[in-house]
$ cat work-v8.cif   # mmCIF, C-alpha atoms and all ligand atoms; chains and numbers go by the auth columns
data_final
loop_
_atom_site.group_PDB
_atom_site.id
_atom_site.type_symbol
_atom_site.label_atom_id
_atom_site.label_comp_id
_atom_site.label_asym_id
_atom_site.label_seq_id
_atom_site.Cartn_x
_atom_site.Cartn_y
_atom_site.Cartn_z
_atom_site.B_iso_or_equiv
_atom_site.auth_seq_id
_atom_site.auth_asym_id
ATOM 1 C CA VAL A 1 23.859 -14.457 -14.965 0.00 95 A
ATOM 2 C CA SER A 2 20.572 -13.322 -13.561 0.00 96 A
ATOM 3 C CA LEU A 3 19.408 -9.760 -13.630 0.00 97 A
ATOM 4 C CA LEU A 4 20.093 -9.452 -9.905 0.00 98 A
ATOM 5 C CA GLY A 5 23.526 -11.031 -10.335 0.00 99 A
ATOM 6 C CA ARG A 6 24.544 -8.308 -12.795 0.00 100 A
ATOM 7 C CA VAL A 7 23.975 -5.572 -10.228 0.00 101 A
ATOM 8 C CA CYS A 8 26.906 -4.462 -8.091 0.00 102 A
ATOM 9 C CA TRP A 9 25.122 -4.523 -4.748 0.00 103 A
ATOM 10 C CA PRO A 10 27.911 -2.927 -2.672 0.00 104 A
ATOM 11 C CA ASP A 11 27.662 0.111 -4.994 0.00 105 A
ATOM 12 C CA VAL A 12 23.881 0.131 -4.604 0.00 106 A
ATOM 13 C CA LEU A 13 24.237 0.102 -0.839 0.00 107 A
ATOM 14 C CA ASP A 14 26.761 2.959 -0.988 0.00 108 A
ATOM 15 C CA ALA A 15 24.390 4.962 -3.175 0.00 109 A
ATOM 16 C CA LEU A 16 21.473 4.370 -0.788 0.00 110 A
ATOM 17 C CA LEU A 17 23.605 5.287 2.217 0.00 111 A
ATOM 18 C CA ALA A 18 24.776 8.448 0.464 0.00 112 A
ATOM 19 C CA SER A 19 21.139 9.535 0.169 0.00 113 A
ATOM 20 C CA THR A 20 20.489 8.823 3.877 0.00 114 A
ATOM 21 C CA PRO A 21 21.907 11.432 6.261 0.00 115 A
ATOM 22 C CA GLU A 22 22.806 8.791 8.825 0.00 116 A
ATOM 23 C CA LEU A 23 22.245 5.108 9.397 0.00 117 A
ATOM 24 C CA PRO A 24 18.735 4.930 10.833 0.00 118 A
ATOM 25 C CA GLY A 25 18.512 3.538 14.332 0.00 119 A
ATOM 26 C CA ASP A 26 20.824 1.909 16.764 0.00 120 A
ATOM 27 C CA VAL A 27 23.796 -0.114 15.533 0.00 121 A
ATOM 28 C CA ALA A 28 22.552 -2.918 17.839 0.00 122 A
ATOM 29 C CA LEU A 29 19.580 -3.343 15.536 0.00 123 A
ATOM 30 C CA TYR A 30 21.886 -4.446 12.750 0.00 124 A
ATOM 31 C CA LEU A 31 24.059 -6.669 14.885 0.00 125 A
ATOM 32 C CA GLN A 32 21.559 -8.757 16.806 0.00 126 A
ATOM 33 C CA PRO A 33 21.411 -12.340 15.528 0.00 127 A
ATOM 34 C CA HIS A 34 19.008 -12.967 12.688 0.00 128 A
ATOM 35 C CA ALA A 35 18.250 -16.333 11.099 0.00 129 A
ATOM 36 C CA VAL A 36 18.316 -15.145 7.504 0.00 130 A
ATOM 37 C CA LEU A 37 19.764 -11.675 7.129 0.00 131 A
ATOM 38 C CA SER A 38 23.381 -10.695 7.736 0.00 132 A
ATOM 39 C CA PRO A 39 24.058 -7.267 9.293 0.00 133 A
ATOM 40 C CA ARG A 40 24.906 -5.905 5.817 0.00 134 A
ATOM 41 C CA HIS A 41 21.644 -7.155 4.400 0.00 135 A
ATOM 42 C CA ARG A 42 19.794 -5.547 7.281 0.00 136 A
ATOM 43 C CA VAL A 43 21.466 -2.212 6.513 0.00 137 A
ATOM 44 C CA LEU A 44 20.445 -2.649 2.868 0.00 138 A
ATOM 45 C CA ALA A 45 16.846 -3.467 3.823 0.00 139 A
ATOM 46 C CA VAL A 46 16.489 -0.457 6.118 0.00 140 A
ATOM 47 C CA CYS A 47 18.131 1.938 3.632 0.00 141 A
ATOM 48 C CA ALA A 48 16.120 0.627 0.660 0.00 142 A
ATOM 49 C CA VAL A 49 12.820 1.051 2.499 0.00 143 A
ATOM 50 C CA ARG A 50 13.865 4.520 3.663 0.00 144 A
ATOM 51 C CA ALA A 51 14.873 5.472 0.117 0.00 145 A
ATOM 52 C CA GLY A 52 11.495 4.381 -1.283 0.00 146 A
ATOM 53 C CA PRO A 53 10.796 3.100 -4.807 0.00 147 A
ATOM 54 C CA ALA A 54 12.290 6.193 -6.468 0.00 148 A
ATOM 55 C CA GLY A 55 15.492 6.049 -4.400 0.00 149 A
ATOM 56 C CA CYS A 56 15.902 2.329 -5.120 0.00 150 A
ATOM 57 C CA ALA A 57 15.410 2.914 -8.842 0.00 151 A
ATOM 58 C CA ALA A 58 18.019 5.693 -8.751 0.00 152 A
ATOM 59 C CA ALA A 59 20.511 3.425 -6.962 0.00 153 A
ATOM 60 C CA ALA A 60 19.952 0.135 -8.831 0.00 154 A
ATOM 61 C CA GLY A 61 18.126 1.014 -12.063 0.00 155 A
ATOM 62 C CA ASP A 62 14.388 0.781 -12.707 0.00 156 A
ATOM 63 C CA ILE A 63 13.986 -2.988 -12.859 0.00 157 A
ATOM 64 C CA ALA A 64 16.428 -4.153 -10.184 0.00 158 A
ATOM 65 C CA GLY A 65 15.445 -1.145 -8.062 0.00 159 A
ATOM 66 C CA GLY A 66 11.768 -2.109 -8.263 0.00 160 A
ATOM 67 C CA TRP A 67 12.615 -5.618 -7.186 0.00 161 A
ATOM 68 C CA LEU A 68 14.927 -4.318 -4.438 0.00 162 A
ATOM 69 C CA TYR A 69 12.248 -2.122 -2.886 0.00 163 A
ATOM 70 C CA ASN A 70 9.706 -4.936 -2.915 0.00 164 A
ATOM 71 C CA ALA A 71 12.110 -7.510 -1.435 0.00 165 A
ATOM 72 C CA ALA A 72 13.467 -5.024 1.121 0.00 166 A
ATOM 73 C CA LEU A 73 9.932 -4.355 2.389 0.00 167 A
ATOM 74 C CA ILE A 74 9.475 -8.067 2.978 0.00 168 A
ATOM 75 C CA ALA A 75 12.878 -8.400 4.673 0.00 169 A
ATOM 76 C CA HIS A 76 12.161 -5.279 6.695 0.00 170 A
ATOM 77 C CA ARG A 77 8.913 -6.706 8.029 0.00 171 A
ATOM 78 C CA GLY A 78 10.838 -9.586 9.530 0.00 172 A
ATOM 79 C CA LEU A 79 13.068 -7.103 11.357 0.00 173 A
ATOM 80 C CA SER A 80 10.260 -5.165 12.990 0.00 174 A
ATOM 81 C CA PRO A 81 9.661 -6.143 16.585 0.00 175 A
ATOM 82 C CA ALA A 82 6.711 -8.451 17.204 0.00 176 A
ATOM 83 C CA ALA A 83 3.505 -6.793 18.332 0.00 177 A
ATOM 84 C CA ARG A 84 3.875 -6.001 22.004 0.00 178 A
ATOM 85 C CA ARG A 85 0.291 -6.409 22.936 0.00 179 A
ATOM 86 C CA THR A 86 -2.272 -8.931 21.891 0.00 180 A
ATOM 87 C CA ALA A 87 -4.623 -8.788 24.882 0.00 181 A
ATOM 88 C CA PHE A 88 -7.164 -5.993 25.195 0.00 182 A
ATOM 89 C CA PRO A 89 -9.970 -5.223 27.600 0.00 183 A
ATOM 90 C CA ARG A 90 -13.510 -5.622 26.325 0.00 184 A
ATOM 91 C CA PHE A 91 -14.779 -2.560 24.508 0.00 185 A
ATOM 92 C CA THR A 92 -18.046 -1.503 22.969 0.00 186 A
ATOM 93 C CA GLY A 93 -18.339 -0.788 19.277 0.00 187 A
ATOM 94 C CA TRP A 94 -15.920 -1.901 16.589 0.00 188 A
ATOM 95 C CA LEU A 95 -12.968 0.337 17.255 0.00 189 A
ATOM 96 C CA ARG A 96 -10.648 0.640 20.200 0.00 190 A
ATOM 97 C CA GLN A 97 -8.141 3.469 20.229 0.00 191 A
ATOM 98 C CA ASP A 98 -5.269 3.373 22.696 0.00 192 A
ATOM 99 C CA PRO A 99 -5.937 6.055 25.341 0.00 193 A
ATOM 100 C CA ALA A 100 -2.255 7.037 25.007 0.00 194 A
ATOM 101 C CA LEU A 101 -2.847 8.189 21.426 0.00 195 A
ATOM 102 C CA PRO A 102 -4.001 11.716 20.644 0.00 196 A
ATOM 103 C CA GLY A 103 -7.219 12.230 18.676 0.00 197 A
ATOM 104 C CA LEU A 104 -6.916 10.905 15.143 0.00 198 A
ATOM 105 C CA PRO A 105 -9.042 11.977 12.183 0.00 199 A
ATOM 106 C CA LEU A 106 -11.591 9.698 10.491 0.00 200 A
ATOM 107 C CA LEU A 107 -12.145 7.445 13.501 0.00 201 A
ATOM 108 C CA CYS A 108 -15.903 7.260 12.896 0.00 202 A
ATOM 109 C CA LEU A 109 -15.292 6.173 9.333 0.00 203 A
ATOM 110 C CA ALA A 110 -12.730 3.598 10.497 0.00 204 A
ATOM 111 C CA ALA A 111 -15.267 2.232 13.001 0.00 205 A
ATOM 112 C CA ALA A 112 -17.977 2.066 10.332 0.00 206 A
ATOM 113 C CA HIS A 113 -15.634 0.137 8.041 0.00 207 A
ATOM 114 C CA ALA A 114 -14.727 -2.261 10.867 0.00 208 A
ATOM 115 C CA GLU A 115 -18.417 -2.868 11.496 0.00 209 A
ATOM 116 C CA ARG A 116 -19.118 -3.483 7.813 0.00 210 A
ATOM 117 C CA SER A 117 -16.277 -6.007 7.624 0.00 211 A
ATOM 118 C CA GLN A 118 -17.330 -7.482 10.991 0.00 212 A
ATOM 119 C CA GLN A 119 -13.767 -7.358 12.288 0.00 213 A
ATOM 120 C CA PRO A 120 -12.768 -5.146 15.235 0.00 214 A
ATOM 121 C CA LEU A 121 -10.107 -2.496 14.638 0.00 215 A
ATOM 122 C CA ILE A 122 -7.589 -1.821 17.395 0.00 216 A
ATOM 123 C CA VAL A 123 -5.238 1.155 17.171 0.00 217 A
ATOM 124 C CA ILE A 124 -2.340 1.251 19.611 0.00 218 A
ATOM 125 C CA ALA A 125 0.811 3.252 20.214 0.00 219 A
ATOM 126 C CA ALA A 126 3.952 1.177 19.659 0.00 220 A
ATOM 127 C CA ASP A 127 7.649 1.729 19.351 0.00 221 A
ATOM 128 C CA LEU A 128 8.598 0.505 15.893 0.00 222 A
ATOM 129 C CA ARG A 129 11.334 3.035 15.193 0.00 223 A
ATOM 130 C CA PRO A 130 13.601 3.179 13.329 0.00 224 A
ATOM 131 C CA LEU A 131 12.118 0.480 11.143 0.00 225 A
ATOM 132 C CA ALA A 132 8.628 1.780 10.724 0.00 226 A
ATOM 133 C CA LEU A 133 6.350 4.654 11.572 0.00 227 A
ATOM 134 C CA GLY A 134 3.303 2.427 11.556 0.00 228 A
ATOM 135 C CA ARG A 135 2.355 -1.151 10.954 0.00 229 A
ATOM 136 C CA ILE A 136 -0.826 -3.045 10.253 0.00 230 A
ATOM 137 C CA THR A 137 -1.668 -6.678 10.903 0.00 231 A
ATOM 138 C CA ARG A 138 -4.881 -7.331 9.035 0.00 232 A
ATOM 139 C CA ARG A 139 -5.737 -10.597 10.734 0.00 233 A
ATOM 140 C CA ALA A 140 -4.158 -10.335 14.156 0.00 234 A
ATOM 141 C CA GLU A 141 -4.945 -13.052 16.667 0.00 235 A
ATOM 142 C CA VAL A 142 -5.864 -11.180 19.826 0.00 236 A
ATOM 143 C CA THR A 143 -7.983 -11.550 22.902 0.00 237 A
ATOM 144 C CA ILE A 144 -10.626 -8.971 23.705 0.00 238 A
ATOM 145 C CA GLY A 145 -11.961 -9.296 27.217 0.00 239 A
ATOM 146 C CA GLY A 146 -10.332 -12.736 27.413 0.00 240 A
ATOM 147 C CA ARG A 147 -12.023 -14.020 24.230 0.00 241 A
ATOM 148 C CA HIS A 148 -9.881 -15.073 21.285 0.00 242 A
ATOM 149 C CA THR A 149 -10.758 -13.252 18.120 0.00 243 A
ATOM 150 C CA ILE A 150 -9.341 -11.913 14.879 0.00 244 A
ATOM 151 C CA ALA A 151 -8.890 -8.165 14.685 0.00 245 A
ATOM 152 C CA THR A 152 -7.207 -5.577 12.517 0.00 246 A
ATOM 153 C CA LEU A 153 -4.301 -4.254 14.575 0.00 247 A
ATOM 154 C CA ILE A 154 -2.705 -0.928 13.713 0.00 248 A
ATOM 155 C CA GLU A 155 0.425 0.077 15.617 0.00 249 A
ATOM 156 C CA LEU A 156 1.601 3.666 15.380 0.00 250 A
ATOM 157 C CA SER A 157 5.060 4.967 16.296 0.00 251 A
ATOM 158 C CA ASP A 158 4.225 8.200 14.610 0.00 252 A
ATOM 159 C CA VAL A 159 0.859 9.678 15.392 0.00 253 A
ATOM 160 C CA THR A 160 0.656 12.182 12.568 0.00 254 A
ATOM 161 C CA PRO A 161 -2.495 12.079 10.405 0.00 255 A
ATOM 162 C CA ASP A 162 -0.269 11.071 7.449 0.00 256 A
ATOM 163 C CA THR A 163 0.890 7.840 9.046 0.00 257 A
ATOM 164 C CA TRP A 164 -2.554 7.052 10.433 0.00 258 A
ATOM 165 C CA CYS A 165 -4.251 7.618 7.062 0.00 259 A
ATOM 166 C CA HIS A 166 -1.641 5.441 5.320 0.00 260 A
ATOM 167 C CA GLU A 167 -2.347 2.582 7.733 0.00 261 A
ATOM 168 C CA LEU A 168 -6.091 3.167 7.450 0.00 262 A
ATOM 169 C CA GLY A 169 -5.599 2.937 3.675 0.00 263 A
ATOM 170 C CA HIS A 170 -4.141 -0.555 4.195 0.00 264 A
ATOM 171 C CA ALA A 171 -6.960 -1.465 6.603 0.00 265 A
ATOM 172 C CA VAL A 172 -9.687 -0.750 4.050 0.00 266 A
ATOM 173 C CA ASP A 173 -7.787 -2.167 1.051 0.00 267 A
ATOM 174 C CA PRO A 174 -10.381 -4.429 -0.630 0.00 268 A
ATOM 175 C CA VAL A 175 -7.628 -6.605 -2.123 0.00 269 A
ATOM 176 C CA ASP A 176 -6.158 -8.677 0.677 0.00 270 A
ATOM 177 C CA PRO A 177 -3.528 -9.944 0.466 0.00 271 A
ATOM 178 C CA ARG A 178 -1.891 -8.036 -2.361 0.00 272 A
ATOM 179 C CA LEU A 179 0.631 -10.199 -4.134 0.00 273 A
ATOM 180 C CA ASP A 180 3.355 -7.634 -4.090 0.00 274 A
ATOM 181 C CA ALA A 181 4.377 -5.159 -1.458 0.00 275 A
ATOM 182 C CA VAL A 182 4.968 -2.326 -3.915 0.00 276 A
ATOM 183 C CA THR A 183 1.326 -2.351 -5.043 0.00 277 A
ATOM 184 C CA ALA A 184 0.094 -2.619 -1.451 0.00 278 A
ATOM 185 C CA GLU A 185 2.183 0.407 -0.461 0.00 279 A
ATOM 186 C CA ALA A 186 1.182 2.348 -3.578 0.00 280 A
ATOM 187 C CA PHE A 187 -2.483 1.735 -2.753 0.00 281 A
ATOM 188 C CA ALA A 188 -2.084 2.793 0.895 0.00 282 A
ATOM 189 C CA ASP A 189 -0.074 5.890 -0.070 0.00 283 A
ATOM 190 C CA THR A 190 -2.600 6.925 -2.704 0.00 284 A
ATOM 191 C CA LEU A 191 -5.688 6.241 -0.620 0.00 285 A
ATOM 192 C CA GLY A 192 -4.056 7.689 2.511 0.00 286 A
ATOM 193 C CA ALA A 193 -3.449 10.983 0.706 0.00 287 A
ATOM 194 C CA LEU A 194 -7.052 11.011 -0.574 0.00 288 A
ATOM 195 C CA LEU A 195 -8.387 10.329 2.941 0.00 289 A
ATOM 196 C CA LEU A 196 -6.383 13.271 4.275 0.00 290 A
ATOM 197 C CA THR A 197 -7.583 15.744 1.683 0.00 291 A
ATOM 198 C CA GLU A 198 -11.154 14.541 1.108 0.00 292 A
ATOM 199 C CA ARG A 199 -12.086 13.541 4.680 0.00 293 A
ATOM 200 C CA PRO A 200 -14.930 11.214 3.635 0.00 294 A
ATOM 201 C CA ASP A 201 -17.655 10.827 6.231 0.00 295 A
ATOM 202 C CA SER A 202 -19.603 7.893 4.879 0.00 296 A
ATOM 203 C CA LEU A 203 -18.752 4.409 3.640 0.00 297 A
ATOM 204 C CA ALA A 204 -20.187 5.354 0.241 0.00 298 A
ATOM 205 C CA GLU A 205 -17.695 8.222 -0.016 0.00 299 A
ATOM 206 C CA LEU A 206 -14.930 5.928 1.193 0.00 300 A
ATOM 207 C CA ASP A 207 -15.787 3.398 -1.512 0.00 301 A
ATOM 208 C CA THR A 208 -15.569 6.105 -4.157 0.00 302 A
ATOM 209 C CA LEU A 209 -12.071 7.014 -2.939 0.00 303 A
ATOM 210 C CA ILE A 210 -11.052 3.332 -2.816 0.00 304 A
ATOM 211 C CA ALA A 211 -12.088 2.989 -6.458 0.00 305 A
ATOM 212 C CA ARG A 212 -10.186 6.180 -7.333 0.00 306 A
ATOM 213 C CA ALA A 213 -7.017 4.940 -5.599 0.00 307 A
ATOM 214 C CA GLU A 214 -7.299 1.571 -7.345 0.00 308 A
ATOM 215 C CA THR A 215 -7.645 3.274 -10.741 0.00 309 A
ATOM 216 C CA GLU A 216 -4.671 5.536 -10.034 0.00 310 A
ATOM 217 C CA ILE A 217 -2.313 2.722 -9.070 0.00 311 A
ATOM 218 C CA ASN A 218 -3.416 0.599 -12.035 0.00 312 A
ATOM 219 C CA GLN A 219 -2.431 3.405 -14.383 0.00 313 A
ATOM 220 C CA ARG A 220 1.125 3.346 -13.068 0.00 314 A
ATOM 221 C CA PRO A 221 3.646 0.877 -14.419 0.00 315 A
ATOM 222 C CA THR A 222 4.535 -1.639 -11.739 0.00 316 A
ATOM 223 C CA PRO A 223 8.243 -2.321 -11.494 0.00 317 A
ATOM 224 C CA GLN A 224 8.703 -6.072 -11.958 0.00 318 A
ATOM 225 C CA CYS A 225 11.689 -8.185 -12.871 0.00 319 A
ATOM 226 C CA ALA A 226 9.768 -10.928 -14.559 0.00 320 A
ATOM 227 C CA THR A 227 8.404 -9.057 -17.559 0.00 321 A
ATOM 228 C CA GLY A 228 9.435 -11.415 -20.315 0.00 322 A
ATOM 229 C CA SER A 229 13.095 -11.655 -19.383 0.00 323 A
ATOM 230 C CA HIS A 230 14.327 -15.248 -19.534 0.00 324 A
ATOM 231 C CA ASP A 231 17.068 -14.687 -16.972 0.00 325 A
ATOM 232 C CA ALA A 232 14.900 -12.938 -14.434 0.00 326 A
ATOM 233 C CA PRO A 233 15.128 -14.628 -11.050 0.00 327 A
ATOM 234 C CA ALA A 234 12.492 -17.125 -10.041 0.00 328 A
ATOM 235 C CA THR A 235 11.598 -14.907 -7.086 0.00 329 A
ATOM 236 C CA THR A 236 9.467 -12.644 -9.224 0.00 330 A
ATOM 237 C CA THR A 237 7.475 -15.383 -10.942 0.00 331 A
ATOM 238 C CA VAL A 238 3.849 -14.530 -10.432 0.00 332 A
ATOM 239 C CA SER A 239 2.441 -17.076 -8.072 0.00 333 A
ATOM 240 C CA THR A 240 -0.947 -17.442 -6.523 0.00 334 A
ATOM 241 C CA ASN A 241 0.816 -18.427 -3.345 0.00 335 A
ATOM 242 C CA ASP A 242 1.717 -15.222 -1.570 0.00 336 A
ATOM 243 C CA ILE A 243 3.709 -17.014 1.110 0.00 337 A
ATOM 244 C CA ASP A 244 5.973 -18.685 -1.467 0.00 338 A
ATOM 245 C CA VAL A 245 6.622 -15.385 -3.204 0.00 339 A
ATOM 246 C CA ARG A 246 7.493 -13.731 0.067 0.00 340 A
ATOM 247 C CA VAL A 247 9.779 -16.488 1.274 0.00 341 A
ATOM 248 C CA GLU A 248 11.571 -16.665 -2.075 0.00 342 A
ATOM 249 C CA SER A 249 12.002 -12.906 -2.173 0.00 343 A
ATOM 250 C CA LEU A 250 13.417 -12.946 1.327 0.00 344 A
ATOM 251 C CA PHE A 251 15.946 -15.654 0.458 0.00 345 A
ATOM 252 C CA ALA A 252 16.922 -13.960 -2.796 0.00 346 A
ATOM 253 C CA PHE A 253 17.405 -10.743 -0.841 0.00 347 A
ATOM 254 C CA ALA A 254 19.506 -12.546 1.780 0.00 348 A
ATOM 255 C CA LYS A 255 21.732 -13.946 -1.004 0.00 349 A
ATOM 256 C CA LEU A 256 22.510 -10.614 -2.685 0.00 350 A
ATOM 257 C CA ASP A 257 26.265 -10.366 -2.889 0.00 351 A
ATOM 258 C CA LEU A 258 27.365 -7.703 -0.423 0.00 352 A
ATOM 259 C CA ARG A 259 30.704 -9.292 0.454 0.00 353 A
ATOM 260 C CA GLY A 260 32.712 -6.424 -0.955 0.00 354 A
ATOM 261 C CA TRP A 261 30.913 -3.786 1.049 0.00 355 A
ATOM 262 C CA ARG A 262 32.664 -1.962 3.874 0.00 356 A
ATOM 263 C CA PRO A 263 31.220 0.857 5.992 0.00 357 A
ATOM 264 C CA LYS A 264 32.768 4.154 4.906 0.00 358 A
HETATM 265 ZN ZN ZN B . 2.317 0.699 4.322 0.00 401 B
#

$ encode --input "work-v8.cif" --output "structure tokens" --more "lines below"
Ligand SMILES: [Zn+2]
Amino acid sequence: VSLLGRVCWPDVLDALLASTPELPGDVALYLQPHAVLSPRHRVLAVCAVRAGPAGCAAAAGDIAGGWLYNAALIAHRGLSPAARRTAFPRFTGWLRQDPALPGLPLLCLAAAHAERSQQPLIVIAADLRPLALGRITRRAEVTIGGRHTIATLIELSDVTPDTWCHELGHAVDPVDPRLDAVTAEAFADTLGALLLTERPDSLAELDTLIARAETEINQRPTPQCATGSHDAPATTTVSTNDIDVRVESLFAFAKLDLRGWRPK
């Protein structure tokens, strides 16, 4: 029996739901056809992401909970609606902010980073609720003034500085792609909080904060299933192929046994 097989997933889902005041979003979200995830697995994915790493650990134990949060993030990404817009008018400079968005902090810094990495940054308002407050696509295929190019695309449902700084934290993450979603989120959370409090105004200051965030997340233990356990599922085997890891995690998530679960 694998580690994941020993967990009673219907109980985990009940525990996550008990910590969520109400099921986030429209019931239709859970019922629309999906190639991989059943409606129950979609509820689990949304609740696990909402609960965060600590909530998942409380519901499923440290090891399975760490895996659950990571896999749920990957499953969750597949549920988010596709980017609405990929065509943008020509703009000068390296950053284009949707005119519908209110002023955001650190835009000059974001533009300077985009220029240094020689990849335009586009920030747009989008409706990603209830699945996400913001989303980043680090190598989005877009057209700018009719020309195909690769840009960093940040979509914001929530225009608070917190959400923006979290996504900006992802945008400037020097490690791309990160092999696991938990580390990527930990980095963006840590750097996002530093950006908010420190308000760096030069790339040199930004780099100092990036190094600080990297040190902080490396000092934390990373929840992983595969640490030396012979019956850990293959999904957590460290692989240099990010796509394989993600696909395997998604399928392992989709196979979690939720048959006994009934809405209360
Ligand atoms: Zn994030």

$ residues_near_ligand --input "work-v8.cif" --ligand "ligand ZN 401 (chain B)" --cutoff "12 Å" --atoms "only C-alpha atoms and all ligand atoms" --output "ChimeraX atom specification"
/A:143,146,164,167-168,170-171,225-232,248-250,256-265,267,272,274-286

$ atom_distance --input "work-v8.cif" --atom1 "atom CA of A:Cys102" --atom2 "atom CA of A:Arg356"
13.5 Å

$ resolve_selection --input "work-v8.cif" --expression "the PyMOL selection byres (((chain A and resi 103) around 7) and not hetatm)" --output "list in words"
Val101, Cys102, Pro104, Asp105, Val106, Leu107, Leu350, Asp351 and Leu352 of chain A

$ resolve_selection --input "work-v8.cif" --expression "the PyMOL selection byres (((chain A and resi 290) around 9) and not hetatm)" --output "ChimeraX atom specification"
/A:199-200,255-256,259,285-289,291-294

$ resolve_selection --input "work-v8.cif" --expression "the PyMOL selection byres (((chain A and resi 185) around 12) and not hetatm)" --output "list in words"
Ala181, Phe182, Pro183, Arg184, Thr186, Gly187, Trp188, Leu189, Arg190, Gln191, Asp192, Pro214, Leu215, Ile216, Thr237, Ile238, Gly239, Gly240 and Arg241 of chain A

$ closest_residue --input "work-v8.cif" --among "A:Arg136, A:Ile311, A:Val121, A:Ala158" --to "A:Ser96" --atoms "all atoms listed in the file"
A:Ala158

$ atom_distance --input "work-v8.cif" --atom1 "atom CA of A:Leu123" --atom2 "atom CA of A:Arg179"
20.9 Å

$ closest_residue --input "work-v8.cif" --among "A:Asp295, A:Asp270, A:Glu116, A:Glu310" --to "A:Arg233" --atoms "only C-alpha atoms"
A:Asp270

$ build_atoms --input "work-v8.cif" --residues "stretch 266-278 of chain A" --atoms "N, CA, C and O atoms" --output "compact mmCIF listing (two decimals), keeping the file's coordinate frame"
# COMPACT_ATOMS: atom_id res chain seq x y z
N VAL A 266 -8.46 -0.67 4.86
CA VAL A 266 -9.69 -0.75 4.05
C VAL A 266 -9.40 -1.24 2.64
O VAL A 266 -10.29 -1.25 1.80
N ASP A 267 -8.14 -1.65 2.39
CA ASP A 267 -7.79 -2.17 1.05
C ASP A 267 -8.67 -3.38 0.74
O ASP A 267 -8.62 -4.39 1.45
N PRO A 268 -9.49 -3.30 -0.35
CA PRO A 268 -10.38 -4.43 -0.63
C PRO A 268 -9.64 -5.66 -1.16
O PRO A 268 -10.19 -6.76 -1.14
N VAL A 269 -8.40 -5.47 -1.63
CA VAL A 269 -7.63 -6.60 -2.12
C VAL A 269 -6.70 -7.05 -1.00
O VAL A 269 -5.81 -6.31 -0.59
N ASP A 270 -6.96 -8.22 -0.46
CA ASP A 270 -6.16 -8.68 0.68
C ASP A 270 -5.98 -10.18 0.60
O ASP A 270 -6.98 -10.90 0.61
N PRO A 271 -4.77 -10.72 0.50
CA PRO A 271 -3.53 -9.94 0.47
C PRO A 271 -3.20 -9.51 -0.96
O PRO A 271 -3.61 -10.15 -1.91
N ARG A 272 -2.44 -8.43 -1.07
CA ARG A 272 -1.89 -8.04 -2.36
C ARG A 272 -0.66 -8.89 -2.61
O ARG A 272 0.09 -9.17 -1.69
N LEU A 273 -0.47 -9.28 -3.85
CA LEU A 273 0.63 -10.20 -4.13
C LEU A 273 1.99 -9.53 -4.04
O LEU A 273 2.98 -10.18 -3.79
N ASP A 274 2.04 -8.24 -4.27
CA ASP A 274 3.36 -7.63 -4.09
C ASP A 274 3.26 -6.39 -3.22
O ASP A 274 2.26 -5.68 -3.20
N ALA A 275 4.34 -6.22 -2.47
CA ALA A 275 4.38 -5.16 -1.46
C ALA A 275 4.35 -3.77 -2.09
O ALA A 275 3.80 -2.84 -1.51
N VAL A 276 4.93 -3.65 -3.28
CA VAL A 276 4.97 -2.33 -3.92
C VAL A 276 3.55 -1.84 -4.20
O VAL A 276 3.19 -0.70 -3.93
N THR A 277 2.71 -2.73 -4.73
CA THR A 277 1.33 -2.35 -5.04
C THR A 277 0.56 -2.05 -3.76
O THR A 277 -0.22 -1.09 -3.70
N ALA A 278 0.78 -2.86 -2.73
CA ALA A 278 0.09 -2.62 -1.45
C ALA A 278 0.46 -1.24 -0.90
O ALA A 278 -0.41 -0.49 -0.44
